Amino acid sequence: ESVVNRIAAGEIIQRPSNALKELIENSLDAGATNIQILIKEGGLKLLQILDNGHGIRREDMAIVCERFTTSKLRNFEDLLHIGTYGFRGEALASISHVAHLTITTKTADSNCAYRACYSDGKLVPPKPGVAAEPKACAGNIGTQITAEDLFYNVPTRRKALKNPNEEYARILDVVNRYAIHNAGVGFSCKKQGSTQADVNTLSTASTLDNIRQIYGSTTSELLEFGKTFRKLEFRVNGYISNPNYNLKKMVFLLFINHRAVESSLLKKTIESVYTTYLPKNTHPFVYLSLEINPENVDVNVHPTKREVRFLNEEEIITAVGDAIQERLVGANS
Ligand code: ADP
Ligand code: MG
């Protein structure tokens, strides 16, 4: 049974950046305004995230890593509305199957923090001969999650991920995206042992500040963009580059219902809108947040598949492309 679980977990968590994305979303769900990430060997040796969210109550600590245990669904109605998040309550469980997981957490109404270790969905003793239960310790309100030796028990996966630098680049990409999409939350990310953070945004910074900081000062040439489509039941907003600004490679940051996703079709559509405005072989910067009626987002696509599917996909993509075209025309005149 544990082998089956491990295989399932390996499909959900394919690489360190997938795990980190889930952990960041949990911190955001917990209301964190500060998220600090620490990485060793591209997240394969150590993936640690510290937040100042509401924490986990001691009595819940035994079950947070069990599959499909989630505090975020209360009834069948909720299940129908989970939308982009698809399957829920699988992230921590999955990570506990493929890494050594430690959680230290404190809620506002507890006198102390608690620390617990997990394996295969269950509490395990921190060392032999000690009880498998949360242990009281010092700590601030919030949660620290540490995943060590990712895929230690999945040799094939481990072998496939032999370049820590590439994994770290993917991690930074995830952190950058979430930092931009979550103005009001300060993010930092660094390698263990390094004094300098590779991402460092302030909770007081605006979306535009964050884009500038992360993608360089030239992004001052950005257009604010937003439109609501009642019939298609969605809204889009974000920042897109004006025709005076261009890149060697397109930067496309897409969020659907606040989850970072990919849509190659939407990306292609937007690129082709820009071709009439940009010099040959140059590309735009586009950050878009789509809010779609959750009932229209396909829940059968697994949440970790970055390509999403949604109802009226073609119409929505065409509408976004047209709206961008309109915005660029407006900016030019
Ligand atoms: P889900 O997010 O779908 O509920 P997860 O496996 O990602 O499932 O997390 C399981 C549960 O653990 C969450 O529902 C939440 O109660 C708790 N949890 C996880 N991470 C945090 C965190 N950073 N702060 C507070 N609670 C957390
Ligand atoms: Mg989660």
# chains A, B, ... in the order shown; residues from 1 in each chain; ligands from 1
>>> closest_atom_pairs(of="chain A", to="ligand 2", cutoff="7 Å", atoms="only C-alpha atoms and all ligand atoms", output="tab-separated table")
residue	atom	partner	partner_atom_place_in_ligand_line	distance
A:Glu22	CA	ligand 2	1 (Mg)	5.4
A:Leu23	CA	ligand 2	1 (Mg)	6.6
A:Glu25	CA	ligand 2	1 (Mg)	6.0
A:Asn26	CA	ligand 2	1 (Mg)	4.7
A:Arg88	CA	ligand 2	1 (Mg)	6.7
A:Gly89	CA	ligand 2	1 (Mg)	6.1
A:Ala91	CA	ligand 2	1 (Mg)	5.5
>>> residues_near_ligand(ligand="ligand 1", cutoff="7 Å", atoms="only C-alpha atoms and all ligand atoms", output="list in words")
Glu22, Leu23, Asn26, Ser27, Ala30, Asp51, Gly53, His54, Gly55, Ile56, Val64, Cys65, Thr69, Thr70, Ser71, Lys72, Arg88, Gly89, Glu90, Ala91, Leu92, Ala93, Gly142 and Thr143 of chain A
>>> residues_around(residues="Ser272 in chain A", least_positions_apart="6", cutoff="12 Å", atoms="only C-alpha atoms", output="compact mmCIF listing (two decimals) with C-alpha atoms, in the first residue's frame")
# COMPACT_ATOMS: atom_id res chain seq x y z
CA MET A 250 8.17 36.27 -23.69
CA LEU A 265 -2.92 28.43 -26.34
CA LEU A 266 -3.48 31.70 -24.49
CA LEU A 278 6.73 44.77 -31.62
CA LYS A 280 10.77 41.45 -35.21
CA ASN A 281 12.10 38.78 -32.82
CA THR A 282 11.12 40.68 -29.70
CA HIS A 283 8.57 39.64 -27.15
CA PRO A 284 6.24 41.06 -24.50
CA THR A 318 -10.17 35.01 -27.95
CA GLY A 321 -6.58 38.44 -26.95
CA ASP A 322 -9.04 41.03 -28.28
CA ILE A 324 -5.19 43.09 -25.09
CA GLN A 325 -5.29 44.29 -28.69
>>> residues_around(residues="His181 in chain A", least_positions_apart="4", cutoff="8 Å", atoms="only C-alpha atoms", output="list in words")
Arg177, Thr207, Phe255, His258 and Ser289 of chain A
>>> write_last_selection(atoms="C-alpha atoms", output="PDB file, in the first residue's frame")
ATOM      1  CA  ARG A 177       5.184  34.485  -9.768  1.00  0.00           C
ATOM      2  CA  THR A 207       2.242  44.600  -7.734  1.00  0.00           C
ATOM      3  CA  PHE A 255      -2.985  32.904 -12.694  1.00  0.00           C
ATOM      4  CA  HIS A 258      -5.177  32.687  -7.956  1.00  0.00           C
ATOM      5  CA  SER A 289      -4.956  37.157 -13.413  1.00  0.00           C
TER       6      SER A 289
END
>>> select_by_dssp(residues="range 222-283 of chain A", states="helix (DSSP H, G or I)", output="MDAnalysis selection string")
chainID A and resid 264:275
>>> write_last_selection(atoms="C-alpha atoms", output="short mmCIF file (atom, residue, chain, number, x, y, z; two decimals), in the first residue's frame")
data_model
loop_
_atom_site.label_atom_id
_atom_site.label_comp_id
_atom_site.auth_asym_id
_atom_site.auth_seq_id
_atom_site.Cartn_x
_atom_site.Cartn_y
_atom_site.Cartn_z
CA SER A 264 0.08 27.49 -24.23
CA LEU A 265 -2.92 28.43 -26.34
CA LEU A 266 -3.48 31.70 -24.49
CA LYS A 267 0.23 32.43 -24.62
CA LYS A 268 0.33 31.89 -28.37
CA THR A 269 -2.75 34.05 -28.89
CA ILE A 270 -1.23 36.93 -26.94
CA GLU A 271 2.12 36.63 -28.73
CA SER A 272 0.41 36.89 -32.08
CA VAL A 273 -1.50 40.01 -30.95
CA TYR A 274 1.83 41.61 -30.06
CA THR A 275 3.59 40.74 -33.33
#
>>> closest_residue(among="A:Ser188, A:Asn165, A:Ser119, A:Ser94", to="Leu50 in chain A", atoms="only C-alpha atoms")
A:Ser188
>>> residues_around(residues="Arg158 in chain A", least_positions_apart="4", cutoff="10 Å", atoms="only C-alpha atoms", output="PyMOL selection string")
chain A and resi 14-15+44+149-154+162
>>> write_last_selection(atoms="C-alpha atoms", output="mmCIF file, in the first residue's frame")
data_model
loop_
_atom_site.group_PDB
_atom_site.id
_atom_site.type_symbol
_atom_site.label_atom_id
_atom_site.label_comp_id
_atom_site.auth_asym_id
_atom_site.auth_seq_id
_atom_site.Cartn_x
_atom_site.Cartn_y
_atom_site.Cartn_z
ATOM 1 C CA GLN A 14 7.170 15.704 -9.624
ATOM 2 C CA ARG A 15 9.915 18.047 -8.569
ATOM 3 C CA LEU A 44 16.234 18.093 -3.060
ATOM 4 C CA ASP A 149 15.778 14.444 1.201
ATOM 5 C CA LEU A 150 13.011 14.727 -1.358
ATOM 6 C CA PHE A 151 12.511 11.463 -3.305
ATOM 7 C CA TYR A 152 14.982 9.614 -1.055
ATOM 8 C CA ASN A 153 12.741 6.573 -1.564
ATOM 9 C CA VAL A 154 12.029 7.118 -5.286
ATOM 10 C CA LYS A 162 20.240 15.604 -11.274
#
>>> closest_residue(among="A:Glu315, A:Leu288, A:Arg259, A:Pro279", to="Glu233 in chain A", atoms="only C-alpha atoms")
A:Glu315
>>> residues_around(residues="Phe225 in chain A", least_positions_apart="5", cutoff="8 Å", atoms="only C-alpha atoms", output="list in words")
Val236, Asn237, Gly238, Tyr239, Ile240, Ile324 and Arg327 of chain A
>>> write_last_selection(atoms="C-alpha atoms", output="mmCIF file, in the first residue's frame")
data_model
loop_
_atom_site.group_PDB
_atom_site.id
_atom_site.type_symbol
_atom_site.label_atom_id
_atom_site.label_comp_id
_atom_site.auth_asym_id
_atom_site.auth_seq_id
_atom_site.Cartn_x
_atom_site.Cartn_y
_atom_site.Cartn_z
ATOM 1 C CA VAL A 236 -9.107 39.477 -16.352
ATOM 2 C CA ASN A 237 -6.645 41.978 -14.978
ATOM 3 C CA GLY A 238 -2.932 42.455 -14.716
ATOM 4 C CA TYR A 239 -0.030 44.323 -16.281
ATOM 5 C CA ILE A 240 1.128 44.023 -19.864
ATOM 6 C CA ILE A 324 -5.192 43.094 -25.092
ATOM 7 C CA ARG A 327 -5.492 48.043 -24.766
#
>>> closest_residue(among="A:Ile316, A:Ser17, A:Leu46, A:Ala331", to="Phe229 in chain A", atoms="only C-alpha atoms")
A:Ile316
